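Below is one structure, written out as structure tokens, with a few remarks after it.
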Amino acid sequence: MLILQSANKVYIMSKLLLFIISIFACVNVEASIRVITIGDSTTETWGKNWYPCMGWGAVFQHFFDKDKVIVDNRAVGGTSTKTFYNEFWNDVIADINSGDYLFISFGANDSNTYSLGYTTTGEFIEYIGIFCNAAREKGAIPVLLSTINRNWWYDTIIKSSYGMHPQAMKNAAEKYNTPFFDLYNFGLKLSNEVGPEYNTYYRHNNYHPNEYKGYPDGKEDGVHLQESGAIDYARYIVEEIENSTDERLKTLADATKPRYHVVIDADDESRMTSITRSATFPEGINVTMKSYGITEYDKCIWSNYKGEIVSTNSLFIYVMQDHDEHFTAIYDHSPAVKNVSSDYLTVLPDGIMFADDETHTIHIYSLNGALVSSASSKHEFPLNLPSGTYILTLDKARSVKITIK
């Protein structure tokens, strides 16, 4: 009888413990903040078949700790405030909870006078008001973002686009007292800074033939973004959140992930017309690197800071890790890049002997990437190094790990 009572107590305590754990588990799930994004194709996630075309909402999650913030992208391509309200808004508002954020970005299709979704700026502001007020009634926080600019140039100066609707979004933010992020003017400024070629082929949805598998014939699209451009806008929004004094955004600011520097350069800038910009990126996001040569035959390969070849393709996608990185586009290389081998050089206790009769550029790095020594040498290179393991780089295109005892 005592054994049975003891067993019952253990059973009851186990059930109680599981109940308590389940409560905490539920609290933990509910503690995640949701950011619901609504807008058009410049915010939309798109699909894999369209890669790398995507809206900024598709990459926004990467900038937040997913245990604290969940981004739920509900943007739908081709919609204006009017058509989104008529076709999709009921499902969105039914799913909004207290404590959620509602990020709202429209304007491109609202400004199209030939579209069924066209709205005057007055109508546009009224629809924005409907979204904001309904979200607040459910305890959510609305945030407004102007539409992105088009890739539309007059010589080397970017043209304005979408009429007065970008300004109307700012006016709506003032009228409804919401946080506001000016994607439009950020995009105009950045477009002018980087110029037509970069804005076209690195930020917007334009590709050369066979650059991407999904676009064998290339692509010309001045409206939508490719992944790198989407990241530019997402990074800008997060930086604005972090720098904001608006208390309504503090919870989001406290949930952003660290970002790491990626430095990108080329070994011979005279051989190229453009190259991916150096920037900061959160862990897990794609960093697309490419560099266009002055002719179609000027193709680059890529090396990391140790001089190791990481890609023999001119288009290189690196998944960001939790540390800074440095990549170099190498134009000055032979068609067949080879690794250093024992029949190419000999590592002696006090130096290196080369088997050919060429002059080589030598860099020696510690394993943490610090430059230890560098020189140009034809037949022999004295090491004069303390004991340890190093990365020896020849001509920026060949590398080997060496150990000095």
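All residue names refer to the structure tokens as shown: chains lettered A, B, ... in order, residues numbered from 1 in each chain, ligands numbered from 1 in order.
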Per-residue nearest contacts region 144-218 of chain A to region 285-294 of chain A, cut-off 10 Å, using only C-alpha atoms, as CSV:
```
residue,atom,partner,partner_atom,distance
A:Glu197,CA,A:Tyr292,CA,9.9
A:Tyr198,CA,A:Tyr292,CA,9.9
A:Tyr201,CA,A:Tyr292,CA,9.7
A:Tyr202,CA,A:Lys290,CA,8.3
```
Next, the residues of the selection above should be written as a short mmCIF file (atom, residue, chain, number, x, y, z; two decimals), in the first residue's frame with N, CA, C and O atoms.
```cif
data_model
loop_
_atom_site.label_atom_id
_atom_site.label_comp_id
_atom_site.auth_asym_id
_atom_site.auth_seq_id
_atom_site.Cartn_x
_atom_site.Cartn_y
_atom_site.Cartn_z
N GLU A 197 25.59 51.31 -63.44
CA GLU A 197 25.94 49.90 -63.62
C GLU A 197 25.72 49.11 -62.34
O GLU A 197 25.12 48.03 -62.35
N TYR A 198 26.19 49.65 -61.22
CA TYR A 198 26.06 48.91 -59.96
C TYR A 198 24.59 48.78 -59.57
O TYR A 198 24.13 47.70 -59.18
N TYR A 201 22.92 46.07 -62.04
CA TYR A 201 23.32 44.66 -62.04
C TYR A 201 23.68 44.07 -60.68
O TYR A 201 23.87 42.87 -60.56
N TYR A 202 23.75 44.93 -59.66
CA TYR A 202 24.07 44.42 -58.32
C TYR A 202 22.90 44.59 -57.35
O TYR A 202 22.83 43.87 -56.36
#
```
Handout entry: Residues within 10 Å of Asp246 (chain A), only C-alpha atoms, excluding chain neighbours under 4 positions, as a PyMOL selection string
Key = chain A and resi 178-179+241-242+250
Keeping only N, CA and C atoms, write the selected residues to a file as an mmCIF file, in the first residue's frame.
```
data_model
loop_
_atom_site.group_PDB
_atom_site.id
_atom_site.type_symbol
_atom_site.label_atom_id
_atom_site.label_comp_id
_atom_site.auth_asym_id
_atom_site.auth_seq_id
_atom_site.Cartn_x
_atom_site.Cartn_y
_atom_site.Cartn_z
ATOM 1 N N THR A 178 2.886 57.377 -36.620
ATOM 2 C CA THR A 178 3.561 56.083 -36.650
ATOM 3 C C THR A 178 5.053 56.278 -36.918
ATOM 4 N N PRO A 179 5.879 55.329 -36.523
ATOM 5 C CA PRO A 179 7.272 55.340 -36.986
ATOM 6 C C PRO A 179 7.300 55.273 -38.512
ATOM 7 N N ILE A 241 16.076 51.456 -37.001
ATOM 8 C CA ILE A 241 15.453 50.976 -35.761
ATOM 9 C C ILE A 241 16.421 51.116 -34.594
ATOM 10 N N GLU A 242 17.652 50.692 -34.807
ATOM 11 C CA GLU A 242 18.650 50.737 -33.738
ATOM 12 C C GLU A 242 18.990 52.162 -33.327
ATOM 13 N N LYS A 250 11.894 50.142 -29.442
ATOM 14 C CA LYS A 250 12.981 49.655 -28.590
ATOM 15 C C LYS A 250 13.015 48.130 -28.512
#
```
Between region 56-127 of chain A and region 43-50 of chain A, at 6 Å or less, what are the per-residue closest atom pairs and their distances in Å? Count only C-alpha atoms, order by chain and rising residue number, and return it as a Markdown table.
```
| residue | atom | partner | partner_atom | distance |
| --- | --- | --- | --- | --- |
| A:Trp56 | CA | A:Thr43 | CA | 5.0 |
| A:Gly57 | CA | A:Thr43 | CA | 4.8 |
| A:Ala58 | CA | A:Thr45 | CA | 4.4 |
| A:Ala75 | CA | A:Glu44 | CA | 4.7 |
| A:Val76 | CA | A:Glu44 | CA | 5.8 |
```
Residues within 10 Å of Tyr215 (chain A), please, as a PDB file with N, CA, C and O atoms, in the first residue's frame. Count only C-alpha atoms; anything in the same chain fewer than 2 positions from it doesn't count.
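The new file selection.pdb reads:
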```pdb
ATOM      1  N   ASN A  49      12.047  29.733 -57.921  1.00  0.00           N
ATOM      2  CA  ASN A  49      12.256  29.776 -59.366  1.00  0.00           C
ATOM      3  C   ASN A  49      12.630  31.168 -59.866  1.00  0.00           C
ATOM      4  O   ASN A  49      13.129  31.313 -60.992  1.00  0.00           O
ATOM      5  N   TRP A  50      12.370  32.178 -59.029  1.00  0.00           N
ATOM      6  CA  TRP A  50      12.665  33.548 -59.424  1.00  0.00           C
ATOM      7  C   TRP A  50      14.020  34.026 -58.903  1.00  0.00           C
ATOM      8  O   TRP A  50      14.445  35.132 -59.220  1.00  0.00           O
ATOM      9  N   TYR A  51      14.685  33.202 -58.111  1.00  0.00           N
ATOM     10  CA  TYR A  51      15.938  33.623 -57.474  1.00  0.00           C
ATOM     11  C   TYR A  51      16.923  34.161 -58.516  1.00  0.00           C
ATOM     12  O   TYR A  51      17.066  33.591 -59.598  1.00  0.00           O
ATOM     13  N   PRO A  52      17.628  35.284 -58.205  1.00  0.00           N
ATOM     14  CA  PRO A  52      17.711  35.956 -56.899  1.00  0.00           C
ATOM     15  C   PRO A  52      16.741  37.118 -56.704  1.00  0.00           C
ATOM     16  O   PRO A  52      16.951  37.953 -55.818  1.00  0.00           O
ATOM     17  N   ASN A 206      18.327  42.741 -62.707  1.00  0.00           N
ATOM     18  CA  ASN A 206      18.904  42.710 -64.042  1.00  0.00           C
ATOM     19  C   ASN A 206      20.117  41.789 -64.049  1.00  0.00           C
ATOM     20  O   ASN A 206      20.972  41.880 -63.160  1.00  0.00           O
ATOM     21  N   TYR A 207      20.201  40.921 -65.070  1.00  0.00           N
ATOM     22  CA  TYR A 207      21.282  39.940 -65.129  1.00  0.00           C
ATOM     23  C   TYR A 207      21.760  39.769 -66.564  1.00  0.00           C
ATOM     24  O   TYR A 207      20.983  39.885 -67.514  1.00  0.00           O
ATOM     25  N   HIS A 208      23.035  39.455 -66.687  1.00  0.00           N
ATOM     26  CA  HIS A 208      23.586  39.099 -67.980  1.00  0.00           C
ATOM     27  C   HIS A 208      23.159  37.670 -68.324  1.00  0.00           C
ATOM     28  O   HIS A 208      22.845  36.878 -67.431  1.00  0.00           O
ATOM     29  N   PRO A 209      23.142  37.307 -69.614  1.00  0.00           N
ATOM     30  CA  PRO A 209      22.776  35.929 -69.990  1.00  0.00           C
ATOM     31  C   PRO A 209      23.629  34.897 -69.257  1.00  0.00           C
ATOM     32  O   PRO A 209      24.844  35.050 -69.130  1.00  0.00           O
ATOM     33  N   ASN A 210      22.949  33.873 -68.744  1.00  0.00           N
ATOM     34  CA  ASN A 210      23.583  32.730 -68.057  1.00  0.00           C
ATOM     35  C   ASN A 210      24.267  33.104 -66.737  1.00  0.00           C
ATOM     36  O   ASN A 210      24.971  32.282 -66.160  1.00  0.00           O
ATOM     37  N   GLU A 211      24.021  34.297 -66.256  1.00  0.00           N
ATOM     38  CA  GLU A 211      24.590  34.660 -64.953  1.00  0.00           C
ATOM     39  C   GLU A 211      23.925  33.852 -63.843  1.00  0.00           C
ATOM     40  O   GLU A 211      24.579  33.433 -62.888  1.00  0.00           O
ATOM     41  N   TYR A 212      22.618  33.647 -63.973  1.00  0.00           N
ATOM     42  CA  TYR A 212      21.862  32.811 -63.050  1.00  0.00           C
ATOM     43  C   TYR A 212      21.104  31.751 -63.845  1.00  0.00           C
ATOM     44  O   TYR A 212      20.634  32.017 -64.962  1.00  0.00           O
ATOM     45  N   LYS A 213      20.946  30.574 -63.253  1.00  0.00           N
ATOM     46  CA  LYS A 213      20.295  29.463 -63.944  1.00  0.00           C
ATOM     47  C   LYS A 213      18.876  29.808 -64.376  1.00  0.00           C
ATOM     48  O   LYS A 213      18.412  29.371 -65.429  1.00  0.00           O
ATOM     49  N   ASP A 217      18.637  33.813 -70.601  1.00  0.00           N
ATOM     50  CA  ASP A 217      18.698  34.894 -71.582  1.00  0.00           C
ATOM     51  C   ASP A 217      18.946  36.253 -70.934  1.00  0.00           C
ATOM     52  O   ASP A 217      18.853  37.293 -71.593  1.00  0.00           O
ATOM     53  N   GLY A 218      19.242  36.246 -69.633  1.00  0.00           N
ATOM     54  CA  GLY A 218      19.410  37.503 -68.920  1.00  0.00           C
ATOM     55  C   GLY A 218      18.071  38.086 -68.505  1.00  0.00           C
ATOM     56  O   GLY A 218      17.014  37.459 -68.670  1.00  0.00           O
ATOM     57  N   LYS A 219      18.104  39.298 -67.965  1.00  0.00           N
ATOM     58  CA  LYS A 219      16.878  39.921 -67.471  1.00  0.00           C
ATOM     59  C   LYS A 219      17.057  41.431 -67.433  1.00  0.00           C
ATOM     60  O   LYS A 219      18.136  41.931 -67.104  1.00  0.00           O
TER      61      LYS A 219
END
```
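For Trp153 (chain A), the residues within 12 Å (counting only C-alpha atoms, excluding itself and residues fewer than 2 positions away along the chain) are Asn149, Arg150, Asn151, Asp155, Thr156, Ile157, Ile158, Lys159, Ser160, Ser161, Leu188, Ser191, Asn192, Gly195, Pro196, Glu197, Asn199, Thr200 and Gly222 of chain A.
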Problem - Which residue of A:Arg271, A:His165, A:Lys175, A:Arg259 approaches Asn133 (chain A) most closely, using only C-alpha atoms - result: A:Lys175
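Going from CA of Val310 (chain A) over to CA of Phe327 (chain A), you cover 8.9 Å.
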Handout entry: Long-range neighbours of Cys132 (chain A) as a VMD selection string, 8 Å cut-off, only C-alpha atoms, 3 positions minimum in chain
Key = chain A and resid 128 to 129 135 to 136 141 to 142 176
Store the residues of this selection in a file with N, CA, C and O atoms, as a PDB file, in the first residue's frame.
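Result file follows (again.pdb):
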```
ATOM      1  N   ILE A 128      -4.139  53.660 -45.844  1.00  0.00           N
ATOM      2  CA  ILE A 128      -3.084  53.489 -44.835  1.00  0.00           C
ATOM      3  C   ILE A 128      -3.671  53.693 -43.439  1.00  0.00           C
ATOM      4  O   ILE A 128      -3.344  52.959 -42.491  1.00  0.00           O
ATOM      5  N   GLY A 129      -4.558  54.671 -43.309  1.00  0.00           N
ATOM      6  CA  GLY A 129      -5.212  54.922 -42.028  1.00  0.00           C
ATOM      7  C   GLY A 129      -6.051  53.736 -41.568  1.00  0.00           C
ATOM      8  O   GLY A 129      -6.080  53.404 -40.375  1.00  0.00           O
ATOM      9  N   ALA A 135      -4.972  47.926 -36.817  1.00  0.00           N
ATOM     10  CA  ALA A 135      -3.877  47.268 -36.097  1.00  0.00           C
ATOM     11  C   ALA A 135      -3.815  47.753 -34.654  1.00  0.00           C
ATOM     12  O   ALA A 135      -3.638  46.945 -33.720  1.00  0.00           O
ATOM     13  N   ARG A 136      -3.962  49.048 -34.441  1.00  0.00           N
ATOM     14  CA  ARG A 136      -3.908  49.602 -33.080  1.00  0.00           C
ATOM     15  C   ARG A 136      -5.069  49.096 -32.233  1.00  0.00           C
ATOM     16  O   ARG A 136      -4.917  48.877 -31.026  1.00  0.00           O
ATOM     17  N   ILE A 141       1.424  47.507 -33.279  1.00  0.00           N
ATOM     18  CA  ILE A 141       2.114  48.773 -33.552  1.00  0.00           C
ATOM     19  C   ILE A 141       2.350  48.895 -35.052  1.00  0.00           C
ATOM     20  O   ILE A 141       3.130  48.129 -35.622  1.00  0.00           O
ATOM     21  N   PRO A 142       1.690  49.856 -35.731  1.00  0.00           N
ATOM     22  CA  PRO A 142       1.920  50.034 -37.165  1.00  0.00           C
ATOM     23  C   PRO A 142       3.197  50.825 -37.425  1.00  0.00           C
ATOM     24  O   PRO A 142       3.555  51.727 -36.666  1.00  0.00           O
ATOM     25  N   TYR A 176      -1.003  59.758 -38.779  1.00  0.00           N
ATOM     26  CA  TYR A 176      -1.410  58.661 -37.906  1.00  0.00           C
ATOM     27  C   TYR A 176      -0.379  58.373 -36.808  1.00  0.00           C
ATOM     28  O   TYR A 176      -0.506  57.372 -36.094  1.00  0.00           O
TER      29      TYR A 176
END
```
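Considering only C-alpha atoms, the residue among A:Met54, A:Leu102, A:Val35, A:Ile352 positioned nearest to Glu227 (chain A) is A:Met54.
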Problem - Asn185 (chain A) surroundings by only C-alpha atoms, 9 Å radius, close-in-sequence under 3 positions cut, as a PyMOL selection string - result: chain A and resi 146+148-149+166+182+188-190
Problem - Gln167 (chain A) environment, 10 Å, only C-alpha atoms, sequence neighbours closer than 4 positions dropped, as a VMD selection string - result: chain A and resid 107 121 146 to 147 162 to 163 171 to 173 182 184 to 185
Kindly save the residues from that selection, with all heavy atoms included, as a compact mmCIF listing (two decimals), in the first residue's frame.
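Output below, filename selection_34.txt:
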```txt
# COMPACT_ATOMS: atom_id res chain seq x y z
N GLY A 107 2.85 51.88 -52.63
CA GLY A 107 3.04 53.11 -53.38
C GLY A 107 3.30 52.90 -54.86
O GLY A 107 2.86 53.69 -55.69
N THR A 121 -3.49 60.28 -53.99
CA THR A 121 -2.74 60.34 -52.73
C THR A 121 -3.68 60.45 -51.54
O THR A 121 -3.39 59.92 -50.46
CB THR A 121 -1.74 61.50 -52.74
OG1 THR A 121 -2.43 62.72 -53.05
CG2 THR A 121 -0.63 61.27 -53.76
N SER A 146 7.99 54.05 -47.01
CA SER A 146 7.73 54.46 -48.38
C SER A 146 8.24 53.40 -49.35
O SER A 146 9.11 52.58 -49.02
CB SER A 146 8.38 55.82 -48.68
OG SER A 146 9.76 55.79 -48.37
N THR A 147 7.71 53.41 -50.57
CA THR A 147 8.12 52.44 -51.57
C THR A 147 9.57 52.68 -52.00
O THR A 147 10.10 53.79 -51.83
CB THR A 147 7.19 52.51 -52.80
OG1 THR A 147 7.51 51.44 -53.68
CG2 THR A 147 7.36 53.83 -53.54
N TYR A 162 7.16 57.16 -59.23
CA TYR A 162 5.95 56.91 -58.44
C TYR A 162 5.28 58.18 -57.93
O TYR A 162 4.57 58.17 -56.92
CB TYR A 162 6.23 55.94 -57.29
CG TYR A 162 6.83 54.64 -57.77
CD1 TYR A 162 7.99 54.12 -57.22
CD2 TYR A 162 6.24 53.94 -58.84
CE1 TYR A 162 8.55 52.94 -57.69
CE2 TYR A 162 6.79 52.76 -59.31
CZ TYR A 162 7.94 52.26 -58.74
OH TYR A 162 8.49 51.08 -59.21
N GLY A 163 5.50 59.28 -58.65
CA GLY A 163 4.77 60.50 -58.36
C GLY A 163 4.89 60.98 -56.93
O GLY A 163 5.98 60.99 -56.36
N ASN A 171 3.50 61.63 -45.25
CA ASN A 171 2.38 62.42 -44.72
C ASN A 171 1.45 61.55 -43.87
O ASN A 171 0.93 61.99 -42.84
CB ASN A 171 1.60 63.06 -45.87
CG ASN A 171 2.43 64.06 -46.65
OD1 ASN A 171 3.47 64.53 -46.17
ND2 ASN A 171 1.99 64.38 -47.86
N ALA A 172 1.24 60.31 -44.32
CA ALA A 172 0.39 59.40 -43.56
C ALA A 172 1.01 59.07 -42.21
O ALA A 172 0.31 58.97 -41.19
CB ALA A 172 0.17 58.12 -44.35
N ALA A 173 2.33 58.92 -42.18
CA ALA A 173 3.02 58.64 -40.91
C ALA A 173 2.84 59.78 -39.93
O ALA A 173 2.65 59.56 -38.72
CB ALA A 173 4.50 58.38 -41.17
N ASP A 182 12.08 55.94 -44.54
CA ASP A 182 12.02 56.50 -45.88
C ASP A 182 12.87 55.67 -46.85
O ASP A 182 13.98 56.04 -47.22
CB ASP A 182 12.51 57.96 -45.84
CG ASP A 182 12.11 58.73 -47.09
OD1 ASP A 182 11.70 58.09 -48.07
OD2 ASP A 182 12.19 59.97 -47.07
N TYR A 184 12.35 55.19 -49.93
CA TYR A 184 12.45 55.83 -51.23
C TYR A 184 13.67 56.75 -51.32
O TYR A 184 14.49 56.61 -52.23
CB TYR A 184 11.17 56.62 -51.52
CG TYR A 184 11.17 57.29 -52.87
CD1 TYR A 184 10.91 56.55 -54.02
CD2 TYR A 184 11.43 58.64 -52.99
CE1 TYR A 184 10.92 57.16 -55.27
CE2 TYR A 184 11.44 59.26 -54.23
CZ TYR A 184 11.19 58.51 -55.36
OH TYR A 184 11.23 59.12 -56.59
N ASN A 185 13.81 57.66 -50.38
CA ASN A 185 14.93 58.59 -50.44
C ASN A 185 16.26 57.92 -50.10
O ASN A 185 17.30 58.32 -50.61
CB ASN A 185 14.67 59.80 -49.54
CG ASN A 185 13.75 60.81 -50.21
OD1 ASN A 185 14.05 61.32 -51.28
ND2 ASN A 185 12.61 61.07 -49.59
```
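Coordinates place CA of Ile330 (chain A) at a distance of 22.8 Å from CA of Ile402 (chain A).
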Exercise for the section: For CA of Tyr390 (chain A) and CA of Tyr365 (chain A), determine how far apart the two atoms are, in Å to one decimal place. Expected result: 5.7 Å
Practice task
Using DSSP on the backbone coordinates, identify the residues of region 128-341 of chain A assigned to helix (DSSP H, G or I); present them as an MDAnalysis selection string.
Solution key: chainID A and resid 128:137 165:175 183:203 227:243 247:253 269:271
Handout entry: Residue list (strand (DSSP E), DSSP) for region 171-392 of chain A, as a PyMOL selection string
Key = chain A and resi 180-181+259-266+272-275+279-282+286-289+291-293+301-303+309-311+316-319+325-330+345-348+351-354+360-366+371-377+380-382+388-392
